[in-house]
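Peer 1: Sharing a structure, written as structure tokens. Questions coming.
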Amino acid sequence: MKSTIFTGVATALITPFDSKGRIDYGKFAELIEFQIAEGINALVVCGTTGEASTMTDEEHETCITFAVKQVNGRVPVIAGAGSNDTAYAVNLARHACAVGSDAVLMVTPYYNKATQKGLVRMYTEIADAIDKPMILYNVPSRTGVNIEPQTYRALAEHPNIVAFKEANGNLSKIVDTMALLDGKLDLYSGNDDQIVPLLALGGKGVISVLSNVLPRQTVAICDRFFRGDVAGATALQLSLMPLIHALFSEVNPVPVKAAMARMGYTENVLRSPLYPMEEENERKLIEAMRLAGVSF
């Protein structure tokens with residue numbers, strides 16, 4: 001029987017950089033403590049929001065190790081370890097497991113892409129090489145490849161593949177997938193604007209960008225839903241839509257980095273080719289933060 005990694009909200013953490021673009025571990029510790037104090041259910045490090053694609057191997061490994069030690073078992077730590085090179089992904093995943101991550105998050109291969117059979121072979125090879133659970137990460141807008149429902153069904157047979165983060169935005173495809181899976185994989189929303197719809201399809205929660213800024217309120221959406229207060233969960237989701245839209249008004253993590261800088265958890269520094277957001281978009285983001293009751 002497969003175990004659920006977390007129920008509720010996992011924050012896809014930003015990686016705080018100092019003014020020279022170095023990882024600021026002091027601020028990273030503050031951010032982790034803020035998240036845990038606000039009741040977050042799990043943390044994802046070195047994902048898309050964490051700018052893992054511009055980290056060196058040493059930074060990637062050190063960042064995961066630091067997060068595991070800082071969290072110290074209080075919530076699950078999920079390590080981003082995906083790559084478009086299967087052998088490289090295996091090495092990242094093995095390191096993440098060795099230093100105590102509770103699970104790994106594996107994005108589909110980007111740029112070189114893969115066929116559906118190729119996805120099955122790649123994910124199986126990685127899952128065979130580790131001893132911790134894996135979350136598949138489907139985000140075709142970034143990678144150019146989509147995990148199809150039948151592919152999910154095939155991958156669900158592997159004991160180490162336990163869940164999927166779905167960010168394809170196509171609710172019909174997700175419905176088809178959930179019908180085929182018959183509960184063999186846990187579903188997490190990869191889009192903050194679809195938390196309640198995916199919970200209604202049997203989802204276990206969300207891997208969230210929004211919760212960097214408002215962890216307690218994002219958790220409350222899931223808590224209300226799971227208590228049976230669907231109307232309350234829906235109302236809270238809808239009330240936060242202006243902030244959600246502002247956080248995705250430019251490519252993630254550009255807006256959330258600006259928001260977290262305003263909150264004091266990082267400098268507004270991103271690694272090239274990402275740059276701070278346009279002034280007009282940032283003005284709208286700050287106003288949305290104020291309307292949502294964010295303290296800064």
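Please note that chains go A, B, ... in the order of the structure tokens, that every chain numbers its residues from 1, and that ligands are numbered from 1 in the order shown.
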Write out as an MDAnalysis selection string the residues lying within 12 Å of segment 97-99 of chain A, counting only C-alpha atoms and excluding same-chain residues fewer than 5 positions away.
Peer 2: chainID A and resid 61:69 72 77:81 90:92 104:105 127 129:134
Peer 1: Create the file for the chosen residues now, containing N, CA, C and O atoms and written as a short mmCIF file (atom, residue, chain, number, x, y, z; two decimals), in the first residue's frame.
Peer 2:
data_model
loop_
_atom_site.label_atom_id
_atom_site.label_comp_id
_atom_site.auth_asym_id
_atom_site.auth_seq_id
_atom_site.Cartn_x
_atom_site.Cartn_y
_atom_site.Cartn_z
N GLU A 61 22.71 20.61 -4.24
CA GLU A 61 22.88 19.63 -3.17
C GLU A 61 22.92 20.29 -1.80
O GLU A 61 22.30 19.81 -0.84
N THR A 62 23.62 21.42 -1.69
CA THR A 62 23.73 22.11 -0.40
C THR A 62 22.38 22.67 0.04
O THR A 62 22.03 22.63 1.22
N CYS A 63 21.61 23.19 -0.93
CA CYS A 63 20.31 23.76 -0.62
C CYS A 63 19.36 22.70 -0.06
O CYS A 63 18.65 22.94 0.93
N ILE A 64 19.34 21.53 -0.68
CA ILE A 64 18.49 20.44 -0.19
C ILE A 64 18.94 19.99 1.19
O ILE A 64 18.13 19.81 2.10
N THR A 65 20.24 19.81 1.36
CA THR A 65 20.77 19.38 2.65
C THR A 65 20.42 20.38 3.74
O THR A 65 20.01 20.01 4.85
N PHE A 66 20.58 21.67 3.44
CA PHE A 66 20.27 22.72 4.41
C PHE A 66 18.79 22.67 4.80
O PHE A 66 18.45 22.75 6.00
N ALA A 67 17.91 22.56 3.82
CA ALA A 67 16.47 22.55 4.10
C ALA A 67 16.08 21.37 4.98
O ALA A 67 15.31 21.51 5.93
N VAL A 68 16.63 20.19 4.67
CA VAL A 68 16.33 19.00 5.47
C VAL A 68 16.75 19.22 6.92
O VAL A 68 16.00 18.91 7.86
N LYS A 69 17.94 19.77 7.13
CA LYS A 69 18.43 19.99 8.49
C LYS A 69 17.61 21.06 9.20
O LYS A 69 17.30 20.93 10.39
N ASN A 72 14.14 19.61 10.04
CA ASN A 72 14.35 18.66 11.14
C ASN A 72 13.10 17.80 11.41
O ASN A 72 12.70 17.59 12.56
N VAL A 77 9.92 17.20 3.49
CA VAL A 77 10.70 17.99 2.53
C VAL A 77 10.75 17.22 1.22
O VAL A 77 11.18 16.06 1.19
N ILE A 78 10.32 17.87 0.16
CA ILE A 78 10.29 17.27 -1.17
C ILE A 78 11.33 17.99 -2.02
O ILE A 78 11.30 19.22 -2.13
N ALA A 79 12.26 17.24 -2.58
CA ALA A 79 13.38 17.83 -3.31
C ALA A 79 13.14 17.76 -4.81
O ALA A 79 12.88 16.69 -5.36
N GLY A 80 13.23 18.91 -5.47
CA GLY A 80 13.23 18.91 -6.93
C GLY A 80 14.50 18.26 -7.43
O GLY A 80 15.60 18.62 -7.01
N ALA A 81 14.37 17.27 -8.29
CA ALA A 81 15.54 16.53 -8.77
C ALA A 81 15.42 16.17 -10.24
O ALA A 81 16.14 15.32 -10.73
N VAL A 90 18.94 10.81 -11.91
CA VAL A 90 19.19 9.72 -10.96
C VAL A 90 20.18 10.17 -9.89
O VAL A 90 19.98 9.95 -8.69
N ASN A 91 21.25 10.84 -10.31
CA ASN A 91 22.25 11.30 -9.34
C ASN A 91 21.68 12.34 -8.38
O ASN A 91 21.93 12.28 -7.17
N LEU A 92 20.91 13.29 -8.90
CA LEU A 92 20.28 14.29 -8.04
C LEU A 92 19.32 13.63 -7.05
O LEU A 92 19.29 13.97 -5.86
N VAL A 104 10.96 12.98 -3.79
CA VAL A 104 11.55 13.77 -4.87
C VAL A 104 10.46 14.16 -5.85
O VAL A 104 9.48 13.42 -6.05
N LEU A 105 10.64 15.32 -6.46
CA LEU A 105 9.72 15.84 -7.46
C LEU A 105 10.43 15.80 -8.80
O LEU A 105 11.50 16.38 -8.96
N ALA A 127 12.92 5.77 -10.64
CA ALA A 127 12.25 5.19 -9.48
C ALA A 127 12.95 3.92 -9.01
O ALA A 127 13.01 3.64 -7.80
N ALA A 129 16.04 3.47 -9.00
CA ALA A 129 17.35 3.82 -8.44
C ALA A 129 17.28 4.44 -7.06
O ALA A 129 18.33 4.69 -6.44
N ILE A 130 16.07 4.71 -6.54
CA ILE A 130 15.95 5.39 -5.26
C ILE A 130 15.07 4.59 -4.30
O ILE A 130 14.37 3.66 -4.71
N ASP A 131 15.13 5.01 -3.04
CA ASP A 131 14.35 4.30 -2.02
C ASP A 131 13.33 5.22 -1.34
O ASP A 131 12.86 4.93 -0.25
N LYS A 132 13.02 6.33 -1.99
CA LYS A 132 12.01 7.27 -1.47
C LYS A 132 10.92 7.46 -2.52
O LYS A 132 11.13 7.20 -3.71
N PRO A 133 9.76 7.94 -2.11
CA PRO A 133 8.67 8.12 -3.07
C PRO A 133 8.92 9.27 -4.04
O PRO A 133 9.62 10.24 -3.73
N MET A 134 8.34 9.14 -5.22
CA MET A 134 8.49 10.12 -6.30
C MET A 134 7.15 10.74 -6.65
O MET A 134 6.13 10.04 -6.72
#
Peer 1: If you count only C-alpha atoms, which residues fall within 12 Å of Asn41 of chain A, apart from same-chain ones fewer than 3 positions away, as a ChimeraX atom specification?
Peer 2: /A:5-12,32,35-38,44,71,73-78,204-208,211,215-216,218-220,222-223
Peer 1: Go ahead and save the picked residues with N, CA, C and O atoms, as a compact mmCIF listing (two decimals), in the first residue's frame.
Peer 2:
# COMPACT_ATOMS: atom_id res chain seq x y z
N ILE A 5 2.29 11.35 0.79
CA ILE A 5 3.42 12.15 1.26
C ILE A 5 2.94 13.30 2.14
O ILE A 5 3.50 13.57 3.20
N PHE A 6 1.91 14.00 1.68
CA PHE A 6 1.31 15.06 2.49
C PHE A 6 -0.11 15.29 2.00
O PHE A 6 -0.47 14.94 0.88
N THR A 7 -0.91 15.86 2.87
CA THR A 7 -2.25 16.28 2.52
C THR A 7 -2.37 17.77 2.84
O THR A 7 -2.02 18.19 3.94
N GLY A 8 -2.83 18.54 1.87
CA GLY A 8 -2.95 19.98 2.08
C GLY A 8 -2.05 20.76 1.14
O GLY A 8 -2.16 20.63 -0.08
N VAL A 9 -1.14 21.55 1.71
CA VAL A 9 -0.35 22.49 0.91
C VAL A 9 1.14 22.27 1.13
O VAL A 9 1.62 22.24 2.27
N ALA A 10 1.86 22.13 0.03
CA ALA A 10 3.32 22.17 0.05
C ALA A 10 3.74 23.45 -0.67
O ALA A 10 3.34 23.68 -1.81
N THR A 11 4.52 24.26 -0.01
CA THR A 11 5.00 25.49 -0.64
C THR A 11 6.18 25.18 -1.55
O THR A 11 7.16 24.56 -1.11
N ALA A 12 6.08 25.62 -2.81
CA ALA A 12 7.21 25.56 -3.73
C ALA A 12 8.09 26.77 -3.42
O ALA A 12 7.88 27.87 -3.92
N ILE A 32 11.83 29.29 5.91
CA ILE A 32 11.37 27.96 6.34
C ILE A 32 10.62 28.06 7.67
O ILE A 32 9.54 27.47 7.85
N GLN A 35 7.18 29.58 7.22
CA GLN A 35 6.25 28.63 6.63
C GLN A 35 5.74 27.63 7.67
O GLN A 35 4.53 27.35 7.75
N ILE A 36 6.64 27.09 8.46
CA ILE A 36 6.23 26.10 9.46
C ILE A 36 5.35 26.73 10.53
O ILE A 36 4.34 26.15 10.95
N ALA A 37 5.72 27.94 10.97
CA ALA A 37 4.92 28.63 11.97
C ALA A 37 3.51 28.92 11.48
O ALA A 37 2.55 28.95 12.27
N GLU A 38 3.36 29.13 10.17
CA GLU A 38 2.06 29.42 9.58
C GLU A 38 1.24 28.17 9.28
O GLU A 38 0.14 28.26 8.75
N VAL A 44 8.66 22.22 -0.69
CA VAL A 44 9.39 21.79 -1.88
C VAL A 44 10.58 22.71 -2.08
O VAL A 44 10.41 23.95 -2.12
N VAL A 71 14.47 21.98 8.64
CA VAL A 71 13.11 21.49 8.92
C VAL A 71 13.13 20.47 10.05
O VAL A 71 12.23 20.43 10.89
N GLY A 73 12.49 17.32 10.34
CA GLY A 73 11.40 16.37 10.49
C GLY A 73 10.04 16.95 10.82
O GLY A 73 9.08 16.20 11.00
N ARG A 74 9.92 18.27 10.90
CA ARG A 74 8.64 18.86 11.31
C ARG A 74 7.58 18.77 10.23
O ARG A 74 6.38 18.66 10.54
N VAL A 75 7.98 18.84 8.97
CA VAL A 75 7.08 18.62 7.84
C VAL A 75 7.88 17.88 6.78
O VAL A 75 9.11 17.92 6.79
N PRO A 76 7.22 17.22 5.84
CA PRO A 76 7.97 16.56 4.76
C PRO A 76 8.71 17.57 3.89
O PRO A 76 8.20 18.65 3.59
N VAL A 77 9.92 17.20 3.49
CA VAL A 77 10.70 17.99 2.53
C VAL A 77 10.75 17.22 1.22
O VAL A 77 11.18 16.06 1.19
N ILE A 78 10.32 17.87 0.16
CA ILE A 78 10.29 17.27 -1.17
C ILE A 78 11.33 17.99 -2.02
O ILE A 78 11.30 19.22 -2.13
N LYS A 204 -5.26 15.53 -3.32
CA LYS A 204 -4.80 15.56 -1.93
C LYS A 204 -4.34 16.94 -1.50
O LYS A 204 -4.07 17.16 -0.32
N GLY A 205 -4.20 17.88 -2.46
CA GLY A 205 -3.74 19.21 -2.09
C GLY A 205 -3.11 19.92 -3.26
O GLY A 205 -3.42 19.66 -4.42
N VAL A 206 -2.18 20.82 -2.95
CA VAL A 206 -1.56 21.67 -3.96
C VAL A 206 -0.09 21.87 -3.64
O VAL A 206 0.29 21.94 -2.47
N ILE A 207 0.73 21.93 -4.66
CA ILE A 207 2.11 22.40 -4.54
C ILE A 207 2.07 23.83 -5.04
O ILE A 207 1.87 24.07 -6.24
N SER A 208 2.24 24.78 -4.15
CA SER A 208 1.76 26.14 -4.34
C SER A 208 2.86 27.18 -4.40
O SER A 208 3.84 27.13 -3.64
N SER A 211 1.39 30.10 -1.60
CA SER A 211 1.65 29.89 -0.17
C SER A 211 3.01 30.40 0.29
O SER A 211 3.26 30.45 1.49
N PRO A 215 0.82 31.45 3.38
CA PRO A 215 0.72 30.01 3.69
C PRO A 215 -0.52 29.64 4.47
O PRO A 215 -1.20 28.65 4.15
N ARG A 216 -0.85 30.42 5.51
CA ARG A 216 -1.99 30.05 6.35
C ARG A 216 -3.30 30.06 5.57
O ARG A 216 -4.14 29.16 5.71
N THR A 218 -3.67 29.71 2.30
CA THR A 218 -3.69 28.65 1.30
C THR A 218 -4.02 27.31 1.95
O THR A 218 -4.81 26.52 1.42
N VAL A 219 -3.44 27.07 3.11
CA VAL A 219 -3.78 25.86 3.88
C VAL A 219 -5.26 25.84 4.22
O VAL A 219 -5.92 24.80 4.18
N ALA A 220 -5.81 27.02 4.54
CA ALA A 220 -7.22 27.09 4.93
C ALA A 220 -8.15 26.68 3.79
O ALA A 220 -9.22 26.12 4.04
N CYS A 222 -7.63 24.28 1.65
CA CYS A 222 -7.68 22.81 1.71
C CYS A 222 -8.38 22.32 2.97
O CYS A 222 -9.21 21.40 2.92
N ASP A 223 -8.08 22.94 4.09
CA ASP A 223 -8.69 22.52 5.35
C ASP A 223 -10.21 22.63 5.29
O ASP A 223 -10.93 21.71 5.73
Peer 1: Write out as a compact mmCIF listing (two decimals) with N, CA and C atoms, in the first residue's frame the residues lying within 12 Å of Tyr111 of chain A, counting only C-alpha atoms and excluding same-chain residues fewer than 4 positions away.
Peer 2:
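To be explicit, this is the file written out as result.txt:
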# COMPACT_ATOMS: atom_id res chain seq x y z
N SER A 83 15.40 16.43 -14.46
CA SER A 83 16.35 16.86 -15.48
C SER A 83 15.89 16.28 -16.82
N ASN A 84 16.45 16.83 -17.92
CA ASN A 84 16.20 16.20 -19.22
C ASN A 84 17.28 15.18 -19.55
N ASP A 85 18.13 14.89 -18.58
CA ASP A 85 19.16 13.84 -18.67
C ASP A 85 18.85 12.83 -17.58
N PRO A 140 3.45 21.00 -19.14
CA PRO A 140 3.77 21.07 -20.57
C PRO A 140 4.03 22.47 -21.09
N SER A 141 3.50 23.51 -20.44
CA SER A 141 3.77 24.87 -20.90
C SER A 141 5.24 25.23 -20.80
N ARG A 142 5.97 24.55 -19.91
CA ARG A 142 7.40 24.78 -19.76
C ARG A 142 8.25 23.74 -20.49
N THR A 143 7.77 22.52 -20.54
CA THR A 143 8.62 21.43 -21.03
C THR A 143 8.33 21.02 -22.46
N GLY A 144 7.11 21.30 -22.95
CA GLY A 144 6.76 20.89 -24.30
C GLY A 144 6.31 19.45 -24.41
N VAL A 145 6.12 18.76 -23.28
CA VAL A 145 5.66 17.37 -23.32
C VAL A 145 4.61 17.18 -22.23
Peer 1: Determine which residues of segment 101-240 of chain A receive a DSSP assignment of strand (DSSP E or B), computed from the backbone, and state them as a ChimeraX atom specification.
Peer 2: /A:103-107,134-138,161-166,186-189,205-208
Peer 1: Skip segment 237-243 of chain A itself and residues of its chain fewer than 5 positions away, then list as a VMD selection string all residues within 9 Å of it, counting only C-alpha atoms.
Peer 2: chain A and resid 192 to 196 210 217 to 218 221 232 248 285 to 289 291 to 292
Peer 1: Save the residues we just selected, N, CA and C atoms, as a PDB file, in the first residue's frame?
Peer 2:
ATOM      1  N   ASP A 192      -2.318  27.340  -8.678  1.00  0.00           N
ATOM      2  CA  ASP A 192      -3.042  27.910  -7.540  1.00  0.00           C
ATOM      3  C   ASP A 192      -4.468  28.311  -7.881  1.00  0.00           C
ATOM      4  N   ASP A 193      -4.766  28.545  -9.145  1.00  0.00           N
ATOM      5  CA  ASP A 193      -6.130  28.909  -9.516  1.00  0.00           C
ATOM      6  C   ASP A 193      -7.045  27.698  -9.667  1.00  0.00           C
ATOM      7  N   GLN A 194      -6.512  26.491  -9.453  1.00  0.00           N
ATOM      8  CA  GLN A 194      -7.315  25.274  -9.618  1.00  0.00           C
ATOM      9  C   GLN A 194      -7.297  24.387  -8.367  1.00  0.00           C
ATOM     10  N   ILE A 195      -7.047  24.968  -7.224  1.00  0.00           N
ATOM     11  CA  ILE A 195      -6.964  24.150  -6.015  1.00  0.00           C
ATOM     12  C   ILE A 195      -8.279  23.428  -5.752  1.00  0.00           C
ATOM     13  N   VAL A 196      -9.370  24.175  -5.629  1.00  0.00           N
ATOM     14  CA  VAL A 196     -10.662  23.571  -5.303  1.00  0.00           C
ATOM     15  C   VAL A 196     -11.145  22.625  -6.399  1.00  0.00           C
ATOM     16  N   LEU A 210       1.521  30.526  -4.386  1.00  0.00           N
ATOM     17  CA  LEU A 210       0.784  31.454  -3.529  1.00  0.00           C
ATOM     18  C   LEU A 210       1.181  31.328  -2.063  1.00  0.00           C
ATOM     19  N   GLN A 217      -3.479  31.058   4.735  1.00  0.00           N
ATOM     20  CA  GLN A 217      -4.716  31.156   3.962  1.00  0.00           C
ATOM     21  C   GLN A 217      -4.798  30.067   2.896  1.00  0.00           C
ATOM     22  N   THR A 218      -3.671  29.713   2.299  1.00  0.00           N
ATOM     23  CA  THR A 218      -3.687  28.649   1.298  1.00  0.00           C
ATOM     24  C   THR A 218      -4.023  27.313   1.952  1.00  0.00           C
ATOM     25  N   ILE A 221      -7.751  26.942   2.542  1.00  0.00           N
ATOM     26  CA  ILE A 221      -8.574  26.489   1.418  1.00  0.00           C
ATOM     27  C   ILE A 221      -8.741  24.973   1.482  1.00  0.00           C
ATOM     28  N   GLY A 232     -17.061  27.305   1.649  1.00  0.00           N
ATOM     29  CA  GLY A 232     -16.060  28.148   2.299  1.00  0.00           C
ATOM     30  C   GLY A 232     -14.722  28.087   1.594  1.00  0.00           C
ATOM     31  N   PHE A 248       1.181  35.532 -11.196  1.00  0.00           N
ATOM     32  CA  PHE A 248       1.496  34.897 -12.472  1.00  0.00           C
ATOM     33  C   PHE A 248       1.359  35.882 -13.639  1.00  0.00           C
ATOM     34  N   LEU A 285       0.888  44.053  -8.363  1.00  0.00           N
ATOM     35  CA  LEU A 285       1.146  42.975  -7.411  1.00  0.00           C
ATOM     36  C   LEU A 285       1.082  43.488  -5.978  1.00  0.00           C
ATOM     37  N   ILE A 286       1.722  44.597  -5.714  1.00  0.00           N
ATOM     38  CA  ILE A 286       1.733  45.151  -4.359  1.00  0.00           C
ATOM     39  C   ILE A 286       0.327  45.514  -3.916  1.00  0.00           C
ATOM     40  N   GLU A 287      -0.458  46.064  -4.839  1.00  0.00           N
ATOM     41  CA  GLU A 287      -1.839  46.393  -4.500  1.00  0.00           C
ATOM     42  C   GLU A 287      -2.644  45.125  -4.208  1.00  0.00           C
ATOM     43  N   ALA A 288      -2.438  44.063  -4.980  1.00  0.00           N
ATOM     44  CA  ALA A 288      -3.128  42.796  -4.726  1.00  0.00           C
ATOM     45  C   ALA A 288      -2.707  42.206  -3.381  1.00  0.00           C
ATOM     46  N   MET A 289      -1.445  42.348  -3.029  1.00  0.00           N
ATOM     47  CA  MET A 289      -0.973  41.891  -1.719  1.00  0.00           C
ATOM     48  C   MET A 289      -1.684  42.636  -0.600  1.00  0.00           C
ATOM     49  N   LEU A 291      -4.627  44.126  -0.716  1.00  0.00           N
ATOM     50  CA  LEU A 291      -6.034  43.722  -0.679  1.00  0.00           C
ATOM     51  C   LEU A 291      -6.219  42.355  -0.045  1.00  0.00           C
ATOM     52  N   ALA A 292      -5.210  41.477  -0.191  1.00  0.00           N
ATOM     53  CA  ALA A 292      -5.289  40.128   0.392  1.00  0.00           C
ATOM     54  C   ALA A 292      -4.859  40.104   1.856  1.00  0.00           C
TER      55      ALA A 292
END
Peer 1: In Å, how far is it from atom CA of Met55 of chain A to atom CA of Ser272 of chain A?
Peer 2: 11.2 Å
